[in-house]
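Participant: See run_32.cif below, with mmCIF, C-alpha atoms.
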```cif
data_start
loop_
_atom_site.label_atom_id
_atom_site.label_comp_id
_atom_site.auth_asym_id
_atom_site.auth_seq_id
_atom_site.Cartn_x
_atom_site.Cartn_y
_atom_site.Cartn_z
CA MET A 268 7.95 3.84 -3.18
CA LYS A 269 4.89 5.99 -3.93
CA LEU A 270 1.34 5.82 -2.56
CA THR A 271 -1.60 7.52 -4.28
CA PHE A 272 -4.79 7.70 -2.23
CA LEU A 273 -7.75 7.35 -4.57
CA GLY A 274 -10.45 7.12 -1.89
CA THR A 275 -10.35 7.84 1.85
CA SER A 276 -13.98 7.83 3.04
CA ALA A 277 -15.61 5.21 5.26
CA GLY A 278 -18.74 3.48 4.04
CA LYS A 279 -19.99 5.92 1.44
CA PRO A 280 -18.64 8.66 -0.84
CA THR A 281 -18.94 12.31 0.14
CA ARG A 282 -18.34 15.62 -1.64
CA GLU A 283 -14.82 15.58 -0.21
CA ARG A 284 -13.88 11.89 -0.29
CA ASN A 285 -14.52 8.80 -2.39
CA VAL A 286 -14.57 5.28 -0.92
CA SER A 287 -11.53 3.08 -0.37
CA ALA A 288 -8.78 2.69 -2.96
CA LEU A 289 -5.01 3.13 -2.85
CA GLY A 290 -2.34 2.88 -5.56
CA LEU A 291 1.20 1.67 -4.78
CA SER A 292 4.13 2.19 -7.17
CA LEU A 293 7.76 1.10 -6.83
CA ASN A 294 10.40 3.26 -8.48
CA GLN A 295 12.11 0.32 -10.19
CA GLU A 296 8.90 -0.94 -11.86
CA ASN A 297 6.87 0.25 -14.82
CA LYS A 298 3.62 -0.91 -13.24
CA TRP A 299 1.53 -0.30 -10.13
CA TYR A 300 -0.72 -2.09 -7.65
CA LEU A 301 -4.22 -1.23 -6.46
CA PHE A 302 -5.37 -1.92 -2.90
CA ASP A 303 -9.16 -2.00 -2.65
CA CYS A 304 -11.46 -0.78 -5.38
CA GLY A 305 -14.52 1.02 -4.05
CA GLU A 306 -17.20 2.40 -6.33
CA ALA A 307 -15.91 4.99 -8.86
CA THR A 308 -12.26 4.08 -8.34
CA GLN A 309 -11.80 4.25 -12.12
CA HIS A 310 -12.91 7.90 -12.03
CA GLN A 311 -10.32 8.63 -9.34
CA ILE A 312 -7.60 6.95 -11.40
CA MET A 313 -8.41 9.33 -14.26
CA ARG A 314 -7.95 12.27 -11.90
CA SER A 315 -4.54 10.97 -10.82
CA LYS A 316 -1.26 10.39 -12.65
CA LEU A 317 -1.78 6.63 -12.58
CA SER A 318 -2.42 4.80 -15.84
CA LEU A 319 -5.00 2.03 -16.08
CA GLY A 320 -2.83 0.44 -18.76
CA LYS A 321 0.01 -0.03 -16.26
CA LEU A 322 -2.14 -1.53 -13.51
CA ASP A 323 -0.70 -4.97 -12.74
CA THR A 324 -2.45 -6.39 -9.66
CA ILE A 325 -5.46 -5.60 -7.46
CA PHE A 326 -5.65 -6.60 -3.79
CA ILE A 327 -8.99 -6.54 -1.95
CA THR A 328 -8.96 -6.45 1.86
CA HIS A 329 -12.56 -7.61 2.44
CA LEU A 330 -15.95 -7.87 0.80
CA HIS A 331 -17.75 -4.77 2.00
CA GLY A 332 -19.05 -2.76 -0.94
CA ASP A 333 -17.04 0.39 -0.26
CA HIS A 334 -13.91 -1.71 -0.79
CA TYR A 335 -14.75 -3.67 -3.95
CA TYR A 336 -17.89 -2.47 -5.78
CA GLY A 337 -15.68 -0.61 -8.26
CA LEU A 338 -14.24 -3.82 -9.73
CA PRO A 339 -16.73 -4.52 -12.57
CA GLY A 340 -16.54 -1.01 -13.98
CA LEU A 341 -12.75 -0.89 -13.78
CA LEU A 342 -12.34 -4.30 -15.43
CA SER A 343 -14.71 -3.33 -18.26
CA THR A 344 -13.09 0.06 -18.82
CA LYS A 345 -9.68 -1.61 -19.06
CA MET A 346 -11.04 -3.67 -21.95
CA MET A 347 -12.69 -0.67 -23.67
CA GLU A 348 -9.44 1.31 -23.46
CA LYS A 349 -7.67 -1.64 -25.10
CA ALA A 350 -5.37 -1.90 -22.11
CA LEU A 351 -4.94 -5.60 -22.70
CA LYS A 352 -2.07 -6.34 -20.33
CA PRO A 353 -2.92 -9.34 -18.07
CA LEU A 354 -4.35 -8.45 -14.67
CA SER A 355 -4.41 -10.35 -11.37
CA VAL A 356 -6.91 -9.92 -8.54
CA TYR A 357 -6.07 -11.20 -5.05
CA ALA A 358 -9.16 -11.18 -2.88
CA PRO A 359 -11.21 -13.15 -0.31
CA LYS A 360 -13.33 -16.13 -1.21
CA GLY A 361 -16.49 -15.02 -3.00
CA THR A 362 -14.78 -12.51 -5.30
CA ARG A 363 -14.73 -14.86 -8.28
CA LYS A 364 -18.47 -15.43 -8.03
CA PHE A 365 -19.08 -11.67 -7.74
CA ILE A 366 -17.04 -10.91 -10.86
CA GLU A 367 -18.60 -13.75 -12.82
CA CYS A 368 -22.09 -12.50 -11.89
CA SER A 369 -21.15 -8.94 -12.88
CA LEU A 370 -19.64 -9.60 -16.29
CA ASP A 371 -18.58 -12.32 -18.67
CA ILE A 372 -14.91 -12.88 -17.84
CA SER A 373 -14.19 -15.08 -20.85
CA PHE A 374 -11.08 -14.10 -22.77
CA GLU A 375 -13.18 -13.26 -25.83
CA HIS A 376 -15.13 -10.67 -23.85
CA LEU A 377 -12.43 -8.97 -21.79
CA GLY A 378 -9.69 -9.33 -24.34
CA TYR A 379 -7.05 -9.83 -21.67
CA HIS A 380 -6.18 -12.54 -19.18
CA LEU A 381 -7.76 -12.06 -15.75
CA ASP A 382 -6.33 -14.20 -12.96
CA ILE A 383 -8.45 -14.32 -9.79
CA VAL A 384 -6.67 -15.64 -6.69
CA GLU A 385 -8.89 -16.18 -3.65
CA TYR A 386 -6.31 -16.03 -0.88
CA GLN A 387 -6.24 -17.55 2.59
CA THR A 388 -5.28 -15.79 5.82
CA GLU A 389 -1.53 -16.08 6.58
CA GLU A 390 -0.78 -16.88 2.92
CA THR A 391 2.38 -15.32 1.46
CA PHE A 392 2.87 -14.29 -2.17
CA VAL A 393 6.15 -13.46 -3.91
CA PHE A 394 6.33 -10.66 -6.49
CA ASP A 395 9.23 -9.26 -8.49
CA ASN A 396 10.45 -6.80 -5.86
CA PHE A 397 8.56 -7.64 -2.67
CA THR A 398 6.73 -10.31 -0.73
CA LEU A 399 3.20 -9.86 0.56
CA LYS A 400 1.62 -11.65 3.51
CA VAL A 401 -2.11 -11.71 4.26
CA LEU A 402 -2.84 -10.92 7.92
CA PRO A 403 -6.16 -11.27 9.79
CA LEU A 404 -8.01 -8.28 11.24
CA ARG A 405 -11.06 -7.85 13.49
CA HIS A 406 -14.17 -6.62 11.74
CA SER A 407 -17.84 -7.51 11.24
CA ILE A 408 -16.81 -9.81 8.38
CA GLU A 409 -13.48 -11.43 7.54
CA SER A 410 -11.06 -8.59 6.84
CA HIS A 411 -7.34 -8.49 6.09
CA ALA A 412 -4.19 -6.43 6.06
CA PHE A 413 -1.31 -6.83 3.63
CA TYR A 414 2.21 -6.86 5.07
CA ILE A 415 4.60 -5.84 2.30
CA LYS A 416 8.35 -6.38 2.61
CA GLU A 417 10.48 -4.99 -0.18
CA ASN A 418 13.41 -7.15 -1.26
CA ASP A 419 16.81 -6.19 0.10
CA ILE A 420 19.22 -4.78 -2.47
CA SER A 421 22.29 -6.97 -2.23
CA ASN A 422 23.95 -6.74 -5.65
CA LYS A 423 25.49 -3.26 -5.55
CA LEU A 424 29.16 -3.12 -6.50
CA ASN A 425 31.69 -1.00 -4.66
CA GLU A 426 32.86 0.67 -7.85
CA GLU A 427 35.19 3.03 -6.00
CA LYS A 428 37.04 0.06 -4.53
CA LEU A 429 37.19 -1.72 -7.89
CA ARG A 430 38.66 1.35 -9.58
CA ALA A 431 41.20 1.66 -6.76
CA ALA A 432 42.22 -1.92 -7.63
CA GLY A 433 42.72 -0.78 -11.23
CA LEU A 434 39.59 -2.37 -12.67
CA GLU A 435 37.49 0.06 -14.71
CA PRO A 436 33.87 -0.73 -15.69
CA SER A 437 33.73 -3.73 -18.01
CA TYR A 438 32.02 -7.09 -18.41
CA LEU A 439 34.01 -8.22 -15.36
CA TYR A 440 31.77 -6.06 -13.19
CA GLY A 441 28.88 -8.30 -14.20
CA GLU A 442 30.84 -11.41 -13.27
CA ILE A 443 31.60 -10.02 -9.82
CA LYS A 444 27.92 -9.11 -9.29
CA LYS A 445 27.08 -12.75 -10.00
CA GLY A 446 29.36 -13.75 -7.12
CA LYS A 447 32.21 -15.00 -9.28
CA ASN A 448 35.83 -14.47 -8.29
CA ILE A 449 38.00 -13.21 -11.15
CA ILE A 450 41.67 -13.02 -12.12
CA PHE A 451 42.73 -9.49 -13.04
CA GLN A 452 46.33 -8.56 -13.94
CA GLY A 453 47.50 -11.74 -12.27
CA ARG A 454 45.61 -11.03 -9.06
CA ARG A 455 42.62 -12.91 -7.69
CA LEU A 456 39.74 -10.55 -6.86
CA GLU A 457 37.16 -12.12 -4.54
CA SER A 458 33.68 -10.89 -5.39
CA LYS A 459 32.49 -10.62 -1.79
CA LEU A 460 35.22 -8.07 -1.05
CA PHE A 461 33.88 -5.70 -3.71
CA MET A 462 30.19 -5.69 -2.82
CA LEU A 463 28.49 -2.96 -0.83
CA GLU A 464 26.52 -3.84 2.28
CA PRO A 465 22.94 -4.89 1.46
CA ILE A 466 20.31 -2.12 1.55
CA PRO A 467 17.37 -3.39 3.63
CA GLY A 468 14.02 -3.26 1.87
CA ARG A 469 11.25 -1.05 3.21
CA SER A 470 8.25 -2.47 5.05
CA LEU A 471 4.64 -1.35 5.16
CA ILE A 472 1.19 -2.56 6.06
CA ILE A 473 -1.93 -1.58 4.15
CA ALA A 474 -4.85 -2.55 6.35
CA GLY A 475 -8.55 -3.03 5.70
CA ASP A 476 -11.30 -2.38 8.23
CA ASN A 477 -10.22 -3.31 11.74
CA SER A 478 -11.43 -2.66 15.28
CA ASN A 479 -8.09 -3.23 17.01
CA PRO A 480 -4.82 -2.22 15.31
CA ASP A 481 -2.77 -4.16 17.85
CA THR A 482 -4.17 -7.32 16.25
CA LEU A 483 -1.30 -6.91 13.78
CA GLY A 484 1.10 -7.64 16.62
CA LYS A 485 4.77 -8.22 15.80
CA TYR A 486 4.31 -7.05 12.20
CA LEU A 487 3.95 -3.51 13.53
CA ASP A 488 7.25 -3.54 15.42
CA ASN A 489 9.49 -0.83 13.92
CA LEU A 490 7.40 -0.89 10.76
CA ASP A 491 8.41 1.76 8.23
CA LEU A 492 4.82 2.71 7.33
CA LEU A 493 1.34 1.78 8.56
CA VAL A 494 -1.68 2.74 6.44
CA HIS A 495 -4.69 2.12 8.66
CA GLU A 496 -8.31 3.06 8.99
CA CYS A 497 -9.26 5.69 11.55
CA THR A 498 -13.01 5.99 11.32
CA TYR A 499 -13.83 7.78 14.59
CA THR A 500 -12.47 9.87 17.40
CA GLN A 501 -12.92 8.20 20.78
CA ASP A 502 -15.71 10.54 22.00
CA VAL A 503 -17.78 9.98 18.87
CA TYR A 504 -17.29 6.23 19.05
CA ASP A 505 -18.27 6.14 22.74
CA SER A 506 -21.49 8.01 21.95
CA LEU A 507 -22.62 5.63 19.20
CA PRO A 508 -25.77 3.75 20.26
CA LYS A 509 -24.59 0.77 18.22
CA LYS A 510 -20.88 0.01 18.25
CA ILE A 511 -19.31 -0.73 14.87
CA LEU A 512 -16.02 -2.59 14.58
CA HIS A 513 -13.72 0.22 13.51
CA THR A 514 -10.61 1.87 14.94
CA THR A 515 -10.58 5.15 16.87
CA SER A 516 -7.84 7.74 16.56
CA LYS A 517 -6.96 7.18 20.22
CA ASP A 518 -6.43 3.44 19.75
CA LEU A 519 -4.52 3.94 16.51
CA GLY A 520 -2.15 6.46 18.07
CA LYS A 521 -1.54 4.37 21.18
CA THR A 522 -0.79 1.24 19.17
CA ALA A 523 1.54 3.03 16.75
CA GLU A 524 3.45 4.49 19.69
CA LYS A 525 3.61 1.19 21.57
CA ARG A 526 4.97 -0.65 18.52
CA GLN A 527 7.31 2.19 17.46
CA VAL A 528 5.83 2.48 13.98
CA LYS A 529 8.00 4.97 12.07
CA ASN A 530 5.29 6.60 9.91
CA LEU A 531 1.51 6.51 10.01
CA ILE A 532 -1.12 7.47 7.43
CA ALA A 533 -4.73 7.37 8.62
CA ASN A 534 -7.60 6.97 6.16
CA HIS A 535 -11.18 5.55 5.98
CA ILE A 536 -12.57 8.68 7.65
CA SER A 537 -16.22 8.74 8.73
CA PRO A 538 -18.32 11.12 6.57
CA ARG A 539 -19.31 13.00 9.75
CA TYR A 540 -15.82 14.60 9.78
CA ASN A 541 -16.11 17.24 7.08
CA LYS A 542 -15.59 20.94 6.46
CA ASN A 543 -19.21 21.81 7.26
CA SER A 544 -19.50 19.76 10.46
CA LYS A 545 -18.86 20.60 14.10
CA VAL A 546 -16.44 17.68 14.09
CA ASN A 547 -13.60 17.77 11.58
CA VAL A 548 -10.52 15.85 10.52
CA GLU A 549 -8.26 17.98 12.68
CA MET A 550 -9.86 16.34 15.73
CA ILE A 551 -8.75 12.94 14.45
CA TYR A 552 -5.24 14.23 13.85
CA ASN A 553 -4.97 15.84 17.28
CA GLU A 554 -6.12 12.68 19.06
CA ILE A 555 -3.58 10.54 17.21
CA LYS A 556 -0.80 13.01 17.98
CA HIS A 557 -1.73 13.12 21.65
CA ASN A 558 -0.86 9.41 21.78
CA TYR A 559 1.82 9.01 19.09
CA LYS A 560 5.12 10.84 18.72
CA GLY A 561 5.91 9.67 15.20
CA ARG A 562 5.20 11.19 11.83
CA VAL A 563 1.51 11.10 10.94
CA PHE A 564 -0.72 12.21 8.08
CA ILE A 565 -4.47 12.14 7.54
CA ALA A 566 -4.90 11.15 3.89
CA ASN A 567 -7.07 13.15 1.51
CA ASP A 568 -8.24 11.91 -1.87
CA LEU A 569 -5.51 12.23 -4.52
CA ASP A 570 -2.76 12.78 -1.98
CA VAL A 571 0.54 11.32 -3.19
CA TYR A 572 3.12 10.21 -0.61
CA THR A 573 6.67 8.97 -1.06
CA LEU A 574 8.35 6.54 1.33
CA SER A 575 12.05 7.10 0.66
CA ARG A 576 15.06 4.95 1.52
CA ASP A 577 15.59 7.05 4.64
CA ARG A 578 12.30 5.62 5.97
CA ILE A 579 10.58 9.01 6.07
CA ILE A 580 7.16 9.48 4.49
CA ARG A 581 6.67 12.76 2.66
CA LEU A 582 3.61 14.37 1.14
CA GLU A 583 4.38 14.97 -2.52
CA LYS A 584 1.09 16.28 -3.83
CA THR A 585 -2.33 17.13 -2.48
CA ASP A 586 -5.43 18.96 -3.70
CA LYS A 587 -5.91 20.29 -0.18
CA SER A 588 -3.41 21.66 2.29
CA TYR A 589 -3.57 19.42 5.30
CA ILE A 590 -2.02 17.87 8.13
CA CYS A 591 1.28 16.32 8.94
CA SER A 592 3.53 16.29 11.96
CA LYS A 593 7.01 17.77 11.75
#
```
Represent the supplied structure as structure tokens.

Facilitator:
Amino acid sequence: MKLTFLGTSAGKPTRERNVSALGLSLNQENKWYLFDCGEATQHQIMRSKLSLGKLDTIFITHLHGDHYYGLPGLLSTKMMEKALKPLSVYAPKGTRKFIECSLDISFEHLGYHLDIVEYQTEETFVFDNFTLKVLPLRHSIESHAFYIKENDISNKLNEEKLRAAGLEPSYLYGEIKKGKNIIFQGRRLESKLFMLEPIPGRSLIIAGDNSNPDTLGKYLDNLDLLVHECTYTQDVYDSLPKKILHTTSKDLGKTAEKRQVKNLIANHISPRYNKNSKVNVEMIYNEIKHNYKGRVFIANDLDVYTLSRDRIIRLEKTDKSYICSK
């Protein structure tokens, strides 16, 4: 399971970060999924190893511009590149009207089928290798998180045990995988006795803007990976004359620790935290780590992370050397 961060800034692009977008790929699939699509996301895709032609589905967390203004350009570019594979967009109510106002979505114009699903909170969708549930968040407008649960792998044969019984690989392996008992050399082989224990699927949450991470409640308990906004450090937030409904690094760390989240990636960083400022991203990291003992990263644009079967998140590629806990 691979995550490519295409934009990690809050509100507006900066020299260091573009606005929100995240690509998710599963090893067993020849396609990928996009979560949020801020302005210039298509440019970020071109800078990554992701292919627009293999994009299968887009999920939008909420209708603030830094999370969805990139949709019209991306949809048009897909057509101009003759990447005509059907595309689905799952997004809040109002997205269809926005797209229709931005471009003519008739088949003749786009050249591919565009399916727009305006989801409801608590709705669950089933995909080839995972289920996705829409969870409510707390923000200035309706905002959502996506709880993703990978399917368990339950059809792995114990080939070592089958060979020990004298049965070498053949079409009979397929029959056993289907749950059928077979007769081999006069003996009855029960399929359930030759199957490995199921491998539990991984779980993650990709969250939109949110003022209180604990809103996610039980879905955080022992979660394999939480990708969550972390717009401010606590001191900066406390000093704001007007409070904005976003999460602080203190609250994010405390919630992740309380719920025993296994891995945490923070993104949606306020533009005030940059290389030329008196406040920097390291301050966000340090405040999270003061409150959370787990493995944490602060995402940079074009970072690529892998969540392996051992439930450990690893940084695979980055344009900048930065921050993770050991």

Participant: To test your reading of the syntax: which residues would the PyMOL selection byres ((chain A and resi 523) around 10) return for the file shown? Reply as a list in words.

Facilitator: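 Output from the PyMOL selection byres ((chain A and resi 523) around 10), applied to this file: Pro480, Asp481, Leu487, Asp488, Asn489, Leu490, Leu492, Leu493, Asp518, Leu519, Gly520, Lys521, Thr522, Glu524, Lys525, Arg526, Gln527, Val528, Lys529, Asn530, Leu531, Ile555, Asn558, Tyr559, Lys560, Gly561 and Val563 of chain A.
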
Participant: Which residues of segment 467-507 of chain A come within 12 Å of segment 418-439 of chain A, and for each one, what is the closest pair of atoms and their distance in Å to one decimal, counting all atoms listed in the file, sorted by chain and residue number, as a Markdown table?

Facilitator:
```
| residue | atom | partner | partner_atom | distance |
| --- | --- | --- | --- | --- |
| A:Pro467 | CA | A:Asp419 | CA | 4.5 |
| A:Gly468 | CA | A:Asp419 | CA | 4.4 |
| A:Arg469 | CA | A:Asn418 | CA | 7.9 |
| A:Ser470 | CA | A:Asn418 | CA | 9.4 |
```

Participant: Export, as an mmCIF file, in the frame of the given file, the selected residues with C-alpha atoms.

Facilitator:
```cif
data_model
loop_
_atom_site.group_PDB
_atom_site.id
_atom_site.type_symbol
_atom_site.label_atom_id
_atom_site.label_comp_id
_atom_site.auth_asym_id
_atom_site.auth_seq_id
_atom_site.Cartn_x
_atom_site.Cartn_y
_atom_site.Cartn_z
ATOM 1 C CA PRO A 467 17.370 -3.390 3.630
ATOM 2 C CA GLY A 468 14.020 -3.260 1.870
ATOM 3 C CA ARG A 469 11.250 -1.050 3.210
ATOM 4 C CA SER A 470 8.250 -2.470 5.050
#
```

Participant: Which residues would end up in the selection if the PyMOL selection byres ((chain A and resi 416) around 12) were applied here, given that I need the answer as a list in words?

Facilitator: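 After applying the PyMOL selection byres ((chain A and resi 416) around 12), what remains is Met268, Thr391, Phe392, Val393, Phe394, Asp395, Asn396, Phe397, Thr398, Leu399, Lys400, Val401, Phe413, Tyr414, Ile415, Glu417, Asn418, Asp419, Pro467, Gly468, Arg469, Ser470, Leu471, Ile472, Ile473, Tyr486, Leu490, Asp491 and Leu492 of chain A.
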
Participant: What does the structure give for the distance between atom CA of Asp570 of chain A and atom CA of Asp476 of chain A, in Å to one decimal?

Facilitator: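 Atom-to-atom, atom CA of Asp570 of chain A to atom CA of Asp476 of chain A, that is 20.2 Å.
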
Participant: Could you jot down the atom CA of Met347 of chain A to atom CA of Arg284 of chain A separation for me, Å, one decimal place?

Facilitator: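 Spanning atom CA of Met347 of chain A to atom CA of Arg284 of chain A is a straight-line distance of 26.6 Å.
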
Participant: Could you state which residues are captured by the PyMOL selection byres ((chain A and resi 551) around 12) in this file, as a PyMOL selection string?

Facilitator: chain A and resi 496-504+514-520+532-537+539-541+546-550+552-558+563-566+590-591

Participant: Take the residues just selected and output them with C-alpha atoms as a CSV table (one decimal), in the frame of the given file.

Facilitator:
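Printed below is out-v3.csv as written:
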```csv
chain,number,residue,atom,x,y,z
A,496,GLU,CA,-8.3,3.1,9.0
A,497,CYS,CA,-9.3,5.7,11.6
A,498,THR,CA,-13.0,6.0,11.3
A,499,TYR,CA,-13.8,7.8,14.6
A,500,THR,CA,-12.5,9.9,17.4
A,501,GLN,CA,-12.9,8.2,20.8
A,502,ASP,CA,-15.7,10.5,22.0
A,503,VAL,CA,-17.8,10.0,18.9
A,504,TYR,CA,-17.3,6.2,19.0
A,514,THR,CA,-10.6,1.9,14.9
A,515,THR,CA,-10.6,5.2,16.9
A,516,SER,CA,-7.8,7.7,16.6
A,517,LYS,CA,-7.0,7.2,20.2
A,518,ASP,CA,-6.4,3.4,19.8
A,519,LEU,CA,-4.5,3.9,16.5
A,520,GLY,CA,-2.2,6.5,18.1
A,532,ILE,CA,-1.1,7.5,7.4
A,533,ALA,CA,-4.7,7.4,8.6
A,534,ASN,CA,-7.6,7.0,6.2
A,535,HIS,CA,-11.2,5.6,6.0
A,536,ILE,CA,-12.6,8.7,7.6
A,537,SER,CA,-16.2,8.7,8.7
A,539,ARG,CA,-19.3,13.0,9.8
A,540,TYR,CA,-15.8,14.6,9.8
A,541,ASN,CA,-16.1,17.2,7.1
A,546,VAL,CA,-16.4,17.7,14.1
A,547,ASN,CA,-13.6,17.8,11.6
A,548,VAL,CA,-10.5,15.8,10.5
A,549,GLU,CA,-8.3,18.0,12.7
A,550,MET,CA,-9.9,16.3,15.7
A,552,TYR,CA,-5.2,14.2,13.8
A,553,ASN,CA,-5.0,15.8,17.3
A,554,GLU,CA,-6.1,12.7,19.1
A,555,ILE,CA,-3.6,10.5,17.2
A,556,LYS,CA,-0.8,13.0,18.0
A,557,HIS,CA,-1.7,13.1,21.6
A,558,ASN,CA,-0.9,9.4,21.8
A,563,VAL,CA,1.5,11.1,10.9
A,564,PHE,CA,-0.7,12.2,8.1
A,565,ILE,CA,-4.5,12.1,7.5
A,566,ALA,CA,-4.9,11.2,3.9
A,590,ILE,CA,-2.0,17.9,8.1
A,591,CYS,CA,1.3,16.3,8.9
```

Participant: Excluding Ser575 of chain A and its own-chain neighbours fewer than 3 positions away, which residues fall within 9 Å of it when counting only C-alpha atoms? Please give them as a PDB file with C-alpha atoms, in the coordinates of the input.

Facilitator:
```pdb
ATOM      1  CA  MET A 268       7.950   3.840  -3.180  1.00  0.00           C
ATOM      2  CA  LYS A 269       4.890   5.990  -3.930  1.00  0.00           C
ATOM      3  CA  ARG A 469      11.250  -1.050   3.210  1.00  0.00           C
ATOM      4  CA  ARG A 578      12.300   5.620   5.970  1.00  0.00           C
ATOM      5  CA  ILE A 579      10.580   9.010   6.070  1.00  0.00           C
ATOM      6  CA  ILE A 580       7.160   9.480   4.490  1.00  0.00           C
ATOM      7  CA  ARG A 581       6.670  12.760   2.660  1.00  0.00           C
TER       8      ARG A 581
END
```

Participant: Quick one: pull the distance between atom CA of Lys542 of chain A and atom CA of Asp568 of chain A, Å, one decimal.

Facilitator: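 Separation of atom CA of Lys542 of chain A and atom CA of Asp568 of chain A: 14.3 Å.
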
Participant: Excluding same-chain residues fewer than 5 positions from Ile327 of chain A, what lies within 8 Å of it counting only C-alpha atoms, as a list of chain:residue names?

Facilitator: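 Contacts, in chain order: A:Phe302, A:Asp303, A:Cys304, A:His334, A:Tyr335, A:Val356, A:Tyr357, A:Ala358, A:Pro359.
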
Participant: List the neighbours of segment 364-372 of chain A out to 10 Å using all atoms listed in the file; skip same-chain residues closer than 2 positions along the sequence, and give me the result as a PDB file with C-alpha atoms, in the coordinates of the input.

Facilitator:
```pdb
ATOM      1  CA  LEU A 330     -15.950  -7.870   0.800  1.00  0.00           C
ATOM      2  CA  TYR A 335     -14.750  -3.670  -3.950  1.00  0.00           C
ATOM      3  CA  TYR A 336     -17.890  -2.470  -5.780  1.00  0.00           C
ATOM      4  CA  LEU A 338     -14.240  -3.820  -9.730  1.00  0.00           C
ATOM      5  CA  PRO A 339     -16.730  -4.520 -12.570  1.00  0.00           C
ATOM      6  CA  GLY A 340     -16.540  -1.010 -13.980  1.00  0.00           C
ATOM      7  CA  LEU A 342     -12.340  -4.300 -15.430  1.00  0.00           C
ATOM      8  CA  SER A 343     -14.710  -3.330 -18.260  1.00  0.00           C
ATOM      9  CA  LYS A 360     -13.330 -16.130  -1.210  1.00  0.00           C
ATOM     10  CA  GLY A 361     -16.490 -15.020  -3.000  1.00  0.00           C
ATOM     11  CA  THR A 362     -14.780 -12.510  -5.300  1.00  0.00           C
ATOM     12  CA  PHE A 374     -11.080 -14.100 -22.770  1.00  0.00           C
ATOM     13  CA  GLU A 375     -13.180 -13.260 -25.830  1.00  0.00           C
ATOM     14  CA  HIS A 376     -15.130 -10.670 -23.850  1.00  0.00           C
ATOM     15  CA  LEU A 377     -12.430  -8.970 -21.790  1.00  0.00           C
ATOM     16  CA  GLY A 378      -9.690  -9.330 -24.340  1.00  0.00           C
ATOM     17  CA  TYR A 379      -7.050  -9.830 -21.670  1.00  0.00           C
ATOM     18  CA  HIS A 380      -6.180 -12.540 -19.180  1.00  0.00           C
ATOM     19  CA  LEU A 381      -7.760 -12.060 -15.750  1.00  0.00           C
ATOM     20  CA  ASP A 382      -6.330 -14.200 -12.960  1.00  0.00           C
ATOM     21  CA  ILE A 383      -8.450 -14.320  -9.790  1.00  0.00           C
TER      22      ILE A 383
END
```

Participant: In terms of the shortest atom-to-atom distance over all atoms listed in the file, which of A:Lys510, A:His329, A:His406, A:Lys345 is closest to Glu385 of chain A?

Facilitator: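 Nearest to Glu385 of chain A: A:His329.
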
Participant: From the set A:Ile449, A:Lys321, A:Gln311, A:Glu306, which residue has the shortest atom-to-atom contact distance to Ser292 of chain A, counting all atoms listed in the file?

Facilitator: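 So, comparing all the options, the nearest one is A:Lys321.
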
Participant: Counting all atoms listed in the file, which of A:Gly305, A:Glu348, A:Gly278, A:Leu273 gets nearest to Gly290 of chain A?

Facilitator: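 That would be A:Leu273, the residue with the smallest distance to Gly290 of chain A.
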
Participant: Here is a test: counting only C-alpha atoms, which residue of A:Ser315, A:Pro538, A:Lys447, A:Leu354 is nearest to Ser276 of chain A?

Facilitator: A:Pro538

Participant: For a quick check of understanding, using all atoms listed in the file, which of A:Arg576, A:His331, A:His495, A:Lys298 has the smallest distance to Leu317 of chain A?

Facilitator: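 Ranking A:Arg576, A:His331, A:His495, A:Lys298 by distance to Leu317 of chain A, first place goes to A:Lys298.
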
Participant: Would you compute an axis-aligned box for segment 301-312 of chain A, covering every atom listed for it in the file with 6 Å of margin on each side, and report centre and edge lengths in Å to one decimal as lines of an AutoDock Vina configuration file?

Facilitator:
```
center_x = -10.7
center_y = 3.3
center_z = -7.4
size_x = 25.0
size_y = 22.6
size_z = 21.5
```
